[in-house]
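A.B. asks: Can you read through this structure? Questions will come right after.
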Amino acid sequence: MNQTVEKVTDQLNLGQARRGTGKLPRAMTFVAVAIIISMLLILAVNIGIGGFGVLSWEFLTSPPENGMEEGGIFPAIFGTVFLVLLMIIFVVPVGVLTAVYLSEFTQADSRPTRLIRIAVNNLAGVPSIVFGLFGLGFFVGFIGTGIDRLVTDGGRPIWGQPAIIWAALTLSLLTLPVVIVSTEEALRSIPKEMKDASYALGASRLQTITKIILPQAMPGILTGGILAISRGAGEVAPIMFTGAAYYLPYLPTKLNHQFMELGYHIYVMATQSPDIEKTKPILFGTVLVLLLLTFMLNFTAIYIRARIRTRRPNV
Amino acid sequence: MTELKFKPKSRLREAIGEGFISLNAFAALIGILLIFVFIFKEAVPIFTDAEVQEEASVSKMIFKQQYYEGQKPKWSWQPNSDVPKYSLLPLFLGTIKAAVIAMLFAAPLAVGAAVFSSEFASKKMRETIKPAIEILAGIPSVVLGFFALILLATFLQNVFGWTFRLNAVNAGIALGLAVIPIIFTIAEDAMTAVPQSLRDAAMALGANSWQVSTMTVFPAALPGIAAGVVLGFGRAIGETMIVLMASGNAAIISVDPFVSIRTFSATIAAELGEVVFGSAHYNVLFFIGTLLFIFTFAVNLGGELILARLKVKIQGKMK
């Protein structure tokens with residue numbers, strides 16, 4: 001404490017000449033906030049106005065027609081839901097168990113923990129297009145072609161081609177950090193007394209994890225899952241080469257089918273359309289649907305997380 | 001006495017269960033190793049295969065090349081021409097231009113907003129600002145790309161009348177919107193992590209709130225703010241959909257911010273779909289991917305090191 005005071009005194013003496021009231025900086029930094037929020041509003045309002053007129057039950061439930069200039073976006077919605085559900089099946093168990101390992105099995109400064117943590121943080125920073133390259137090279141090219149070599153005798157590839165399962169696996173690697181971080185936060189908020197009580201009653205570590213820790217962490221796991229869906233539903237770069245298709249006349253029903261997806265559909269309509277003015281209403285409508293979907297998911301996640309925090313203020 | 005709730009179970013089951021959990025924990029580590037191995041693997045022919053090197057060796061990607069007789073040597077990216085040209089310089093310039101413009105736009109706004117949120121805002125205001133930033137972070141990049149392509153580009157061209165409707169500035173601003181939440185969150189965390197005792201000490205010595213912010217909080221949090229900016233830059237370099245849609249995708253050598261650009265990430269996204277499997281072009285695209293991976297990996301590691309040190313420093317002070 002003494003040192004702190006000394007240090008602060010030093011700093012104050014050095015800067016004695018600069019004596020502002022703080023009104024100007026307050027105003028300037030407020031302008032920064034205002035600019036950010038107004039850009040957010042401009043974006044939301046423009047897309048809202050452009051897309052609202054298009055939204056209808058029919059738009060959501062019918063397929064695109066006439067080169068995507070008419071009709072709806074049902075196949076894209078179906079593909080997106082199918083994709084993120086598959087992704088969730090892969091990513092949630094792995095992510096949750098990783099978080100359990102990090103918080104229950106090892107010390108915070110042990111070597112495996114540090115290695116895993118570095119990997120998780122760096123995984124979160126890998127550009128999404130690199131995930132796309134990886135998905136193509138590893139899942140489609142290596143795993144898929146490998147399976148084909150085992151089950152088929154040459155001929156047409158069954159698994160060694162872009163497919164919804166490869167896209168979902170690629171996305172699950174991309175969203176893994178989201179689930180891990182969110183679950184870890186939930187695990188940290190569980191009172192130590194509960195674990196102690198469990199061990200005192202003779203429970204093993206595995207029993208404590210499955211009967212005490214995981215049920216307590218459920219809201220946090222849910223938050224992680226929702227955030228992962230929200231992130232996964234919006235990513236385009238990782239799926240463009242691993243399974244997404246411009247247009248398909250059928251809905252994907254098997255794991256090795258290609259699929260249409262909302263984000264990719266937006267990209268295709270915005271950049272490859274022969275007549276952008278004719279596509280525009282549907283384009284705005286699709287953007288609005290994707291935006292509403294991610295907003296709703298994020299709001300739910302923020303809400304659940306806020307509730308966890310108020311319930312346990314010591315976090 | 002009531003029966004024990006937990007019955008002891010077999011050791012084998014415990015061991016299997018714990019082993020399974022430990023195995024899962026290494027998924028992220030294995031994942032990141034696999035990413036590197038499988039992307040680099042497809043780039044290897046550039047270094048080993050003489051046939052590929054004929055078209056695209058490392059020196060051909062870096063230095064000026066004379067592609068046609070009688071013409072001056074130049075840098076050019078034209079992989080699909082009769083004489084394929086794989087110079088990375090135009091793409092490098094485009095990538096840096098977009099990222100720098102994004103940072104010039106995003107860093108002041110994000111740091112400013114973080115200072116306001118942590119130093120000046122009332123609790124109620126903070127509870128509006130932070131979710132708003134989270135919403136911004138949640139907007140898919142394809143939506144930001146759409147926004148820049150359809151709305152922002154038209155607006156900017158109507159106001160400034162640039163020759164290229166899609167250019168580095170247009171892409172940079174949209175990219176900035178994607179980067180703002182990253183810088184804001186890290187900078188805000190760093191400033192709120194400055195211990196209250198430091199603020200109290202400054203107050204007690206007669207500093208007003210402005211002096212507390214500028215002379216104690218800001219210097220203490222500066223490494224954290226710097227880390228936020230560094231990590232934001234890493235994201236700006238790797239972001240794909242925004243630049244793919246909003247930058248014009250023309251590989252032009254120029255430092256003018258108002259001409260179209262083509263970035264590394266957008267090049268992969270635009271060309272991988274049509275490339276011949278195993279061709280030199282294919283290898284070069286994976287090579288670009290390797291470069292992106294290594295660069296962002298280094299940036300992330302650097303940013304994290306700064307943050308980890310800051311944490312130790314601030315927590316050390318509290319003792």
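Ligands are numbered from 1 in the order shown, chains are lettered A, B, ... in the order of the structure tokens, and residues start at 1 in each chain.
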Excluding Ser128 in chain A and any residue of its chain fewer than 4 positions from it, enumerate the residues within 8 Å of it, using only C-alpha atoms, and give them as a ChimeraX atom specification.
C.D. replies: /A:132,174,235,237-238 /B:238-240
A.B. asks: As an MDAnalysis selection string, please: the residues near Asn300 in chain B (cut-off 9 Å, only C-alpha atoms, same-chain neighbours under 3 positions excluded).
C.D. replies: (chainID A and resid 121:122 125:126) or (chainID B and resid 230:231 234 295:297 303:305)
A.B. asks: Which polymer residues have any atom within 9 Å of an atom of Asn170 in chain B, counting only C-alpha atoms, with same-chain residues fewer than 3 positions away left out, as a PyMOL selection string?
C.D. replies: chain B and resi 98+148-149+152-153+156+165-167+173-175+246-247+258
A.B. asks: Compile the contact shell of Ile306 in chain B as a PyMOL selection string: residues with an atom at most 10 Å away, counting only C-alpha atoms, same-chain residues fewer than 4 positions apart removed.
C.D. replies: chain B and resi 223-228+230+300-302+310-311
A.B. asks: Go ahead and compute the interatomic distance for CA of Phe38 in chain B and CA of Thr267 in chain B, in Å to one decimal.
C.D. replies: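 Atom-to-atom, CA of Phe38 in chain B to CA of Thr267 in chain B, that is 19.1 Å.
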A.B. asks: Between CA of Lys60 in chain B and CA of Asn80 in chain B, what is the distance, to one decimal in Å?
C.D. replies: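 Between CA of Lys60 in chain B and CA of Asn80 in chain B the gap is 15.8 Å.
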